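For reference, my_file12.txt (compact mmCIF, C-alpha atoms):
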```txt
# COMPACT_ATOMS: atom_id res chain seq x y z
CA PHE A 618 0.67 -3.64 -35.05
CA LEU A 619 3.26 -3.16 -32.32
CA THR A 620 3.54 0.25 -30.75
CA GLN A 621 6.87 2.08 -30.67
CA PHE A 622 6.89 1.49 -26.95
CA VAL A 623 6.68 -2.31 -27.13
CA LEU A 624 9.35 -2.32 -29.86
CA ARG A 625 11.60 -0.33 -27.56
CA VAL A 626 11.09 -2.85 -24.75
CA ARG A 627 12.00 -5.74 -27.09
CA LYS A 628 15.05 -3.88 -28.36
CA GLU A 629 16.42 -3.61 -24.82
CA VAL A 630 16.05 -7.40 -24.48
CA GLU A 631 18.07 -7.88 -27.68
CA ARG A 632 20.73 -5.53 -26.33
CA GLY A 633 20.92 -7.66 -23.18
CA LYS A 634 19.79 -4.76 -21.00
CA LEU A 635 16.51 -6.36 -19.93
CA ARG A 636 15.70 -9.92 -18.91
CA PRO A 637 13.09 -11.57 -21.19
CA ASP A 638 10.79 -12.47 -18.26
CA VAL A 639 10.83 -8.85 -17.01
CA ALA A 640 10.13 -7.65 -20.57
CA ASP A 641 7.14 -10.03 -20.88
CA ASN A 642 5.67 -8.77 -17.61
CA PHE A 643 6.32 -5.22 -18.74
CA GLU A 644 4.50 -5.66 -22.06
CA ASN A 645 1.58 -7.22 -20.25
CA LEU A 646 1.54 -4.29 -17.80
CA TYR A 647 1.70 -1.79 -20.68
CA TYR A 648 -1.46 -3.15 -22.37
CA ASN A 649 -3.33 -3.45 -19.07
CA TYR A 650 -2.35 0.03 -17.91
CA LYS A 651 -3.15 1.56 -21.30
CA ASN A 652 -6.66 0.04 -21.39
CA ALA A 653 -7.35 1.20 -17.83
CA VAL A 654 -6.12 4.79 -18.28
CA LEU A 655 -8.00 5.20 -21.57
CA GLN A 656 -11.24 4.49 -19.67
CA ASN A 657 -10.92 7.61 -17.53
CA GLY A 658 -12.24 10.03 -20.14
CA ASP A 659 -9.35 12.53 -19.86
CA PRO A 660 -8.71 14.03 -23.33
CA ASN A 661 -4.96 13.69 -22.64
CA ALA A 662 -5.25 10.12 -21.34
CA TYR A 663 -3.07 8.61 -24.06
CA GLN A 664 -0.22 11.12 -23.50
CA ILE A 665 -0.44 10.67 -19.72
CA MET A 666 -0.37 6.88 -20.08
CA LEU A 667 2.63 6.94 -22.42
CA SER A 668 4.61 9.41 -20.34
CA ASN A 669 4.00 7.36 -17.14
CA MET A 670 4.98 4.10 -18.86
CA MET A 671 8.15 5.71 -20.28
CA ASP A 672 9.09 6.94 -16.81
CA LEU A 673 8.54 3.48 -15.36
CA PHE A 674 10.49 1.83 -18.17
CA ASP A 675 13.46 4.16 -17.63
CA ARG A 676 13.43 3.35 -13.89
CA VAL A 677 13.20 -0.41 -14.49
CA LEU A 678 16.11 -0.29 -16.96
CA LEU A 679 18.17 1.76 -14.53
CA ASP A 680 17.53 -0.79 -11.79
CA GLU A 681 18.33 -3.76 -14.04
CA GLU A 682 21.70 -2.14 -14.74
CA ASN A 683 22.41 -1.08 -11.17
CA PRO A 684 20.01 -2.82 -8.73
CA PHE A 685 18.87 -0.73 -5.78
CA THR A 686 19.07 -2.40 -2.35
CA PHE A 687 16.64 -1.35 0.36
CA GLN A 688 17.87 -0.75 3.89
CA PRO A 689 15.71 -2.02 6.81
CA TYR A 690 14.39 1.56 7.09
CA HIS A 691 14.09 3.19 3.67
CA LYS A 692 13.36 6.89 3.27
CA ALA A 693 11.51 7.95 0.12
CA ILE A 694 13.90 9.08 -2.64
CA ARG A 695 12.81 12.57 -3.74
CA GLU A 696 15.92 13.70 -5.67
CA PRO A 697 17.58 13.86 -8.17
CA PHE A 698 14.52 11.89 -9.38
CA ASP A 699 11.32 12.26 -7.33
CA TYR A 700 10.10 8.67 -6.97
CA TYR A 701 7.21 9.74 -4.72
CA THR A 702 5.68 12.08 -7.31
CA PHE A 703 6.31 9.50 -10.04
CA GLY A 704 4.26 6.93 -8.05
CA GLN A 705 1.45 9.42 -7.44
CA ASN A 706 1.32 10.39 -11.12
CA TYR A 707 1.29 6.75 -12.22
CA ILE A 708 -1.68 5.68 -10.06
CA ARG A 709 -3.71 8.93 -10.27
CA PRO A 710 -5.26 8.26 -13.73
CA LEU A 711 -6.54 4.87 -12.46
CA VAL A 712 -8.64 6.45 -9.69
CA ASP A 713 -12.20 7.44 -10.53
CA PHE A 714 -12.36 10.37 -8.10
CA ARG A 715 -16.03 11.02 -8.88
CA ASN A 716 -16.82 7.66 -7.31
CA SER A 717 -14.22 7.68 -4.50
CA TYR A 718 -14.72 8.56 -0.83
CA VAL A 719 -12.86 9.22 2.39
CA GLY A 720 -14.47 8.32 5.71
CA ASN A 721 -14.02 10.67 8.71
CA ILE A 722 -11.61 13.14 7.12
CA SER A 723 -11.59 15.17 10.37
CA VAL A 724 -9.85 12.30 12.19
CA PHE A 725 -6.83 12.77 9.92
CA SER A 726 -6.60 16.36 11.21
CA ASP A 727 -6.68 15.01 14.80
CA MET A 728 -3.73 12.79 13.87
CA GLU A 729 -1.82 15.75 12.43
CA ASN A 730 -2.27 17.62 15.73
CA GLN A 731 -0.97 14.62 17.67
CA LEU A 732 2.02 14.26 15.34
CA ARG A 733 2.81 17.99 15.71
CA GLN A 734 2.89 17.50 19.48
CA GLY A 735 5.55 14.80 19.05
CA HIS A 736 3.18 11.84 19.50
CA ASN A 737 3.28 8.69 17.34
CA VAL A 738 0.34 7.37 15.33
CA VAL A 739 -0.15 3.79 14.10
CA LEU A 740 -2.71 2.89 11.43
CA MET A 741 -3.87 -0.74 11.71
CA SER A 742 -5.19 -1.46 8.24
CA ASN A 743 -6.34 -4.08 5.81
CA HIS A 744 -4.20 -4.34 2.66
CA GLN A 745 -5.56 -4.80 -0.85
CA THR A 746 -3.08 -3.92 -3.59
CA GLU A 747 0.47 -2.87 -4.37
CA ALA A 748 -1.04 0.56 -5.01
CA ASP A 749 -2.32 1.00 -1.42
CA PRO A 750 0.29 3.64 -0.46
CA ALA A 751 -0.56 5.68 -3.56
CA VAL A 752 -4.32 5.32 -2.92
CA ILE A 753 -3.88 6.57 0.66
CA ALA A 754 -1.63 9.44 -0.44
CA LEU A 755 -3.89 10.46 -3.36
CA SER A 756 -6.98 10.42 -1.13
CA LEU A 757 -5.31 12.80 1.33
CA GLU A 758 -3.01 14.88 -0.88
CA ARG A 759 -5.33 17.92 -0.90
CA SER A 760 -6.51 17.85 2.71
CA ASN A 761 -3.52 16.34 4.55
CA PRO A 762 -0.44 16.52 2.30
CA TRP A 763 1.93 16.11 5.26
CA ILE A 764 0.43 12.71 6.11
CA SER A 765 0.49 11.69 2.41
CA GLU A 766 4.23 12.30 2.19
CA ASN A 767 5.34 11.16 5.62
CA ILE A 768 3.56 7.87 6.35
CA VAL A 769 6.00 5.02 6.95
CA TYR A 770 4.71 1.73 5.52
CA VAL A 771 5.61 -1.64 6.98
CA ALA A 772 6.35 -3.44 3.69
CA GLY A 773 6.89 -7.07 2.77
CA ASP A 774 9.95 -8.15 0.82
CA ARG A 775 8.08 -8.76 -2.44
CA VAL A 776 7.64 -5.06 -3.18
CA LEU A 777 11.40 -4.64 -2.69
CA THR A 778 12.42 -7.35 -5.16
CA ASP A 779 9.82 -7.34 -7.96
CA PRO A 780 11.41 -5.32 -10.82
CA LEU A 781 8.13 -3.63 -11.77
CA CYS A 782 7.32 -2.76 -8.19
CA LYS A 783 10.69 -1.50 -6.94
CA PRO A 784 10.50 2.01 -8.48
CA PHE A 785 7.20 2.63 -6.67
CA SER A 786 8.61 1.32 -3.39
CA MET A 787 11.61 3.64 -3.73
CA GLY A 788 9.21 6.60 -3.48
CA ARG A 789 7.74 5.59 -0.10
CA ASN A 790 9.07 5.56 3.45
CA LEU A 791 9.32 1.86 4.28
CA LEU A 792 10.16 -0.44 7.15
CA CYS A 793 11.10 -3.59 5.31
CA VAL A 794 10.09 -6.96 6.75
CA TYR A 795 9.72 -10.53 5.53
CA SER A 796 6.10 -11.61 5.71
CA LYS A 797 5.18 -14.65 7.81
CA LYS A 798 3.32 -16.02 4.78
CA HIS A 799 6.56 -16.26 2.81
CA MET A 800 8.95 -17.01 5.69
CA ASN A 801 9.32 -20.70 4.73
CA ASP A 802 9.19 -20.40 0.93
CA PHE A 803 12.91 -21.13 0.68
CA PRO A 804 14.25 -22.99 3.74
CA GLU A 805 17.84 -21.88 3.15
CA LEU A 806 16.76 -18.22 3.58
CA ILE A 807 14.76 -18.55 6.82
CA GLU A 808 17.63 -17.54 9.11
CA MET A 809 18.59 -14.53 6.97
CA LYS A 810 14.94 -13.37 6.95
CA ARG A 811 14.66 -13.68 10.72
CA ARG A 812 17.80 -11.60 11.21
CA ALA A 813 16.55 -8.96 8.77
CA ASN A 814 13.23 -8.75 10.64
CA THR A 815 15.05 -8.25 13.94
CA ARG A 816 16.99 -5.34 12.39
CA SER A 817 13.77 -3.79 11.10
CA LEU A 818 12.16 -4.04 14.54
CA LYS A 819 15.12 -2.20 16.03
CA GLU A 820 14.77 0.51 13.38
CA MET A 821 11.06 0.82 14.18
CA ALA A 822 11.76 1.13 17.90
CA LEU A 823 14.27 3.92 17.15
CA LEU A 824 11.78 5.79 14.95
CA LEU A 825 9.08 5.59 17.61
CA ARG A 826 11.45 6.84 20.30
CA GLY A 827 12.01 9.94 18.18
CA GLY A 828 8.25 10.69 18.10
CA SER A 829 6.14 12.40 15.40
CA HIS A 830 5.95 9.28 13.22
CA ILE A 831 2.90 7.84 11.50
CA ILE A 832 3.21 4.14 10.66
CA TRP A 833 0.90 2.02 8.51
CA ILE A 834 0.80 -1.73 9.14
CA ALA A 835 -1.39 -4.57 7.85
CA PRO A 836 -1.62 -7.06 10.76
CA SER A 837 -3.10 -9.72 8.46
CA GLY A 838 0.40 -10.12 7.00
CA GLY A 839 -0.70 -9.81 3.38
CA ARG A 840 -3.29 -8.64 0.86
CA ASP A 841 -6.99 -9.40 1.14
CA ARG A 842 -8.22 -12.13 -1.20
CA PRO A 843 -11.73 -12.85 -2.52
CA ASP A 844 -13.80 -15.57 -0.89
CA PRO A 845 -13.25 -18.61 -3.19
CA LEU A 846 -16.97 -19.48 -3.05
CA THR A 847 -18.73 -16.12 -3.34
CA GLY A 848 -16.01 -14.03 -5.01
CA GLU A 849 -16.75 -11.34 -2.39
CA TRP A 850 -13.83 -9.34 -1.02
CA HIS A 851 -13.49 -8.55 2.65
CA PRO A 852 -10.62 -7.59 4.97
CA ALA A 853 -8.40 -10.55 5.90
CA PRO A 854 -8.41 -11.35 9.65
CA PHE A 855 -5.79 -9.64 11.81
CA ASP A 856 -3.03 -11.63 13.49
CA ALA A 857 -3.43 -10.75 17.20
CA SER A 858 0.30 -11.22 17.88
CA ALA A 859 1.22 -8.74 15.10
CA VAL A 860 -1.20 -6.20 16.59
CA ASP A 861 0.20 -6.79 20.07
CA ASN A 862 3.85 -6.49 18.99
CA MET A 863 3.10 -3.13 17.40
CA ARG A 864 1.17 -1.93 20.45
CA ARG A 865 4.01 -2.90 22.79
CA LEU A 866 6.61 -1.16 20.62
CA LEU A 867 4.44 1.95 20.72
CA GLU A 868 4.01 1.75 24.49
CA HIS A 869 7.70 1.19 25.19
CA SER A 870 8.83 4.13 23.06
CA GLY A 871 8.49 6.60 25.93
CA VAL A 872 6.37 8.85 23.68
CA PRO A 873 2.53 9.06 23.68
CA GLY A 874 1.12 6.79 20.94
CA HIS A 875 -2.27 6.39 19.28
CA ILE A 876 -3.72 3.44 17.34
CA TYR A 877 -6.38 3.96 14.68
CA PRO A 878 -8.27 1.38 12.58
CA LEU A 879 -7.96 2.20 8.87
CA SER A 880 -9.98 0.65 6.07
CA LEU A 881 -9.04 0.49 2.39
CA LEU A 882 -11.18 -0.51 -0.56
CA CYS A 883 -9.24 -0.37 -3.83
CA TYR A 884 -8.77 -3.95 -5.09
CA GLU A 885 -10.38 -3.17 -8.48
CA ILE A 886 -7.44 -0.95 -9.43
CA MET A 887 -4.87 -3.74 -9.17
CA PRO A 888 -6.15 -6.98 -7.61
CA PRO A 889 -3.55 -9.47 -6.35
CA PRO A 890 -3.31 -12.97 -7.85
CA GLN A 891 -6.12 -15.26 -6.60
CA GLN A 892 -3.62 -17.43 -4.72
CA ILE A 893 -0.55 -16.45 -2.76
CA GLU A 894 2.35 -16.93 -5.18
CA LYS A 895 5.81 -18.07 -4.20
CA GLU A 896 7.57 -16.75 -7.30
CA ILE A 897 8.24 -13.06 -7.83
CA GLY A 898 6.85 -11.38 -10.96
CA GLU A 899 3.07 -11.69 -10.80
CA GLN A 900 0.91 -10.61 -13.73
CA ARG A 901 -0.81 -7.29 -13.13
CA VAL A 902 -4.47 -6.75 -13.87
CA ILE A 903 -5.42 -3.08 -13.79
CA SER A 904 -8.60 -1.04 -14.09
CA PHE A 905 -10.01 2.47 -13.66
CA HIS A 906 -12.26 2.49 -10.59
CA GLY A 907 -13.47 4.34 -7.51
CA VAL A 908 -11.54 3.77 -4.26
CA GLY A 909 -12.28 4.23 -0.59
CA LEU A 910 -10.26 5.12 2.50
CA SER A 911 -11.72 5.47 5.96
CA VAL A 912 -10.42 5.87 9.49
CA ALA A 913 -12.32 5.60 12.77
CA GLU A 914 -11.66 7.15 16.15
CA GLU A 915 -8.62 5.95 18.06
CA ILE A 916 -9.10 2.66 19.94
CA LYS A 917 -7.45 2.63 23.36
CA TYR A 918 -6.13 -0.68 24.65
CA GLY A 919 -7.05 0.03 28.27
CA ASP A 920 -10.64 0.92 27.37
CA VAL A 921 -11.48 -2.21 25.40
CA THR A 922 -9.57 -4.72 27.55
CA ALA A 923 -10.62 -3.51 31.02
CA GLN A 924 -12.83 -6.58 31.62
CA SER A 925 -10.42 -9.20 30.26
CA ARG A 926 -9.18 -11.97 32.56
CA ASN A 927 -5.58 -12.27 31.30
CA ALA A 928 -3.04 -10.89 28.84
CA ASP A 929 -3.88 -13.46 26.15
CA GLU A 930 -7.56 -12.65 26.23
CA ALA A 931 -6.79 -8.91 26.22
CA ARG A 932 -4.62 -9.33 23.12
CA GLY A 933 -7.43 -11.08 21.28
CA ILE A 934 -10.07 -8.53 22.34
CA PHE A 935 -7.96 -5.55 21.24
CA SER A 936 -7.11 -7.10 17.88
CA GLU A 937 -10.78 -7.96 17.30
CA ALA A 938 -11.95 -4.44 18.19
CA LEU A 939 -9.60 -2.97 15.58
CA TYR A 940 -10.52 -5.57 12.96
CA ASN A 941 -14.29 -5.13 13.52
CA SER A 942 -13.94 -1.39 13.05
CA VAL A 943 -12.02 -1.94 9.79
CA VAL A 944 -14.80 -4.26 8.55
CA ASP A 945 -17.58 -1.81 9.53
CA GLN A 946 -15.86 0.99 7.64
CA TYR A 947 -15.19 -1.31 4.70
CA ASN A 948 -18.89 -2.14 4.40
CA VAL A 949 -19.80 1.55 4.32
CA LEU A 950 -17.20 2.21 1.60
CA LYS A 951 -18.50 -0.80 -0.35
CA SER A 952 -22.04 0.50 -0.20
CA ALA A 953 -20.90 3.96 -1.37
CA ILE A 954 -18.73 2.78 -4.25
CA PHE A 955 -20.19 -0.52 -5.45
CA ARG A 956 -23.86 0.13 -4.81
CA ASP A 957 -23.57 3.70 -6.13
CA ARG A 958 -25.04 5.09 -2.94
CA GLY A 959 -22.24 7.61 -2.51
CA ALA A 960 -22.15 9.78 0.59
CA VAL A 961 -25.69 8.61 1.51
CA SER A 962 -23.96 5.51 2.89
CA SER A 963 -22.61 7.61 5.78
CA ASN A 964 -23.77 6.71 9.30
CA PRO A 965 -23.29 8.37 12.72
CA ALA A 966 -19.84 6.73 13.10
CA ILE A 967 -18.55 7.07 9.52
CA SER A 968 -19.00 10.29 7.59
CA LEU A 969 -18.03 10.10 3.90
CA SER A 970 -16.72 13.02 1.88
CA GLN A 971 -14.63 13.88 -1.19
CA PRO A 972 -11.90 16.18 0.18
CA TRP A 973 -10.44 16.79 -3.32
CA ARG A 974 -13.59 18.62 -4.46
```
Hey, can you dump this file as structure tokens for me?
Amino acid sequence: FLTQFVLRVRKEVERGKLRPDVADNFENLYYNYKNAVLQNGDPNAYQIMLSNMMDLFDRVLLDEENPFTFQPYHKAIREPFDYYTFGQNYIRPLVDFRNSYVGNISVFSDMENQLRQGHNVVLMSNHQTEADPAVIALSLERSNPWISENIVYVAGDRVLTDPLCKPFSMGRNLLCVYSKKHMNDFPELIEMKRRANTRSLKEMALLLRGGSHIIWIAPSGGRDRPDPLTGEWHPAPFDASAVDNMRRLLEHSGVPGHIYPLSLLCYEIMPPPQQIEKEIGEQRVISFHGVGLSVAEEIKYGDVTAQSRNADEARGIFSEALYNSVVDQYNVLKSAIFRDRGAVSSNPAISLSQPWR
């Protein structure tokens, strides 16, 4: 028994409007998304699921016909079609808000005050899924809607080229870069990728000079993966040079800047493939689950590196301080969500709450 929806997808393939491989991935996504959304217990779950999938299908078709190209700095497209709200609505039914938590919500208010004063804020974060921007924005949309809508994400090229991912990326503010992990996938493209990254760095420097920007970056250069032996997930190590490049850009902007360690736990919603894949068009596994977002107090370079003997050592110490904070917060979120301990998992440094209540 094929649903109307799947028949419609196949019809577009017959009409030559949709590539067969994109259609296959889309059908697979449809069944996965449907099963996940139907778990959330909302009496309108089926309608919500169908409406979200129709919206996505329309956007994918539109892009197949007239492919959108991202500039090095992409501003979220809010009209005539609001891609930001579309992305929020699509991921919302996958989040089990009863079992989701935010750590140190008050720190996000501190950031807003700094941004209002014209300062810049950088979030050094682990990265788990393609849905990370939506998870961050959904976690903060009640308490800090300005942050939800204005974060600029440093994004790898895969989310700009994958047909099922592009519509979501179009709804976020992005600085587009080619990830180190994929730099050498196709030797003939290395030079083009390097040039593109240089352009993106210039764009970032310009943004920071203007002040009042909040930028999210994953210094590991990719998504966390489970430990092949234990199956346990943990934040991937930070690349000290990526941390240092960002810090220097912030310092040279001529505007006060602040760096915060941010931790995300949301892999259950949409885990990445077990291995890093070279080809675009990964299969998406999706489920309804609790998520966690936490931020700790700002970490100041001068404070943590005062005792270091040279610049190299200082770089490593600063990167490690940020990473260790991300891991500490991650473990608290894990205890709250996976061990069902909820807000009891809070400690003196990390206070969990549910700001949407």
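Note that the spacing between atom CA of Leu882 of chain A and atom CA of Lys917 of chain A amounts to 24.4 Å.
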To test the calculation: enclose all listed atoms of segment 835-847 of chain A in a box whose edges run along x, y and z, add 8 Å on each side, then state centre and edge lengths in Å to one decimal, as lines of an AutoDock Vina configuration file.
```
center_x = -9.2
center_y = -12.0
center_z = 3.7
size_x = 35.1
size_y = 30.9
size_z = 30.1
```
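Closest to Leu757 of chain A among A:Val860, A:Ala953, A:Leu655, A:Val912 is A:Val912, based on all atoms listed in the file.
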Problem set entry | Who sits within 8 Å of Val677 of chain A, all atoms listed in the file, same chain under 5 positions skipped, as a PyMOL selection string | chain A and resi 780-781+784
Taking C-alpha atoms for each residue, export the selection above as a PDB file, keeping the file's coordinate frame.
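And here's again27.pdb as it stands now:
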```pdb
ATOM      1  CA  PRO A 780      11.410  -5.320 -10.820  1.00  0.00           C
ATOM      2  CA  LEU A 781       8.130  -3.630 -11.770  1.00  0.00           C
ATOM      3  CA  PRO A 784      10.500   2.010  -8.480  1.00  0.00           C
TER       4      PRO A 784
END
```
Exercise. What lies within 8 Å of segment 657-670 of chain A using all atoms listed in the file, ignoring chain neighbours under 2 positions off, as a list of chain:residue names?
Worked result: A:Tyr647, A:Tyr650, A:Lys651, A:Ala653, A:Val654, A:Leu655, A:Asp672, A:Leu673, A:Phe674, A:Phe703, A:Asn706, A:Tyr707, A:Pro710, A:Leu711, A:Asp713, A:Phe905
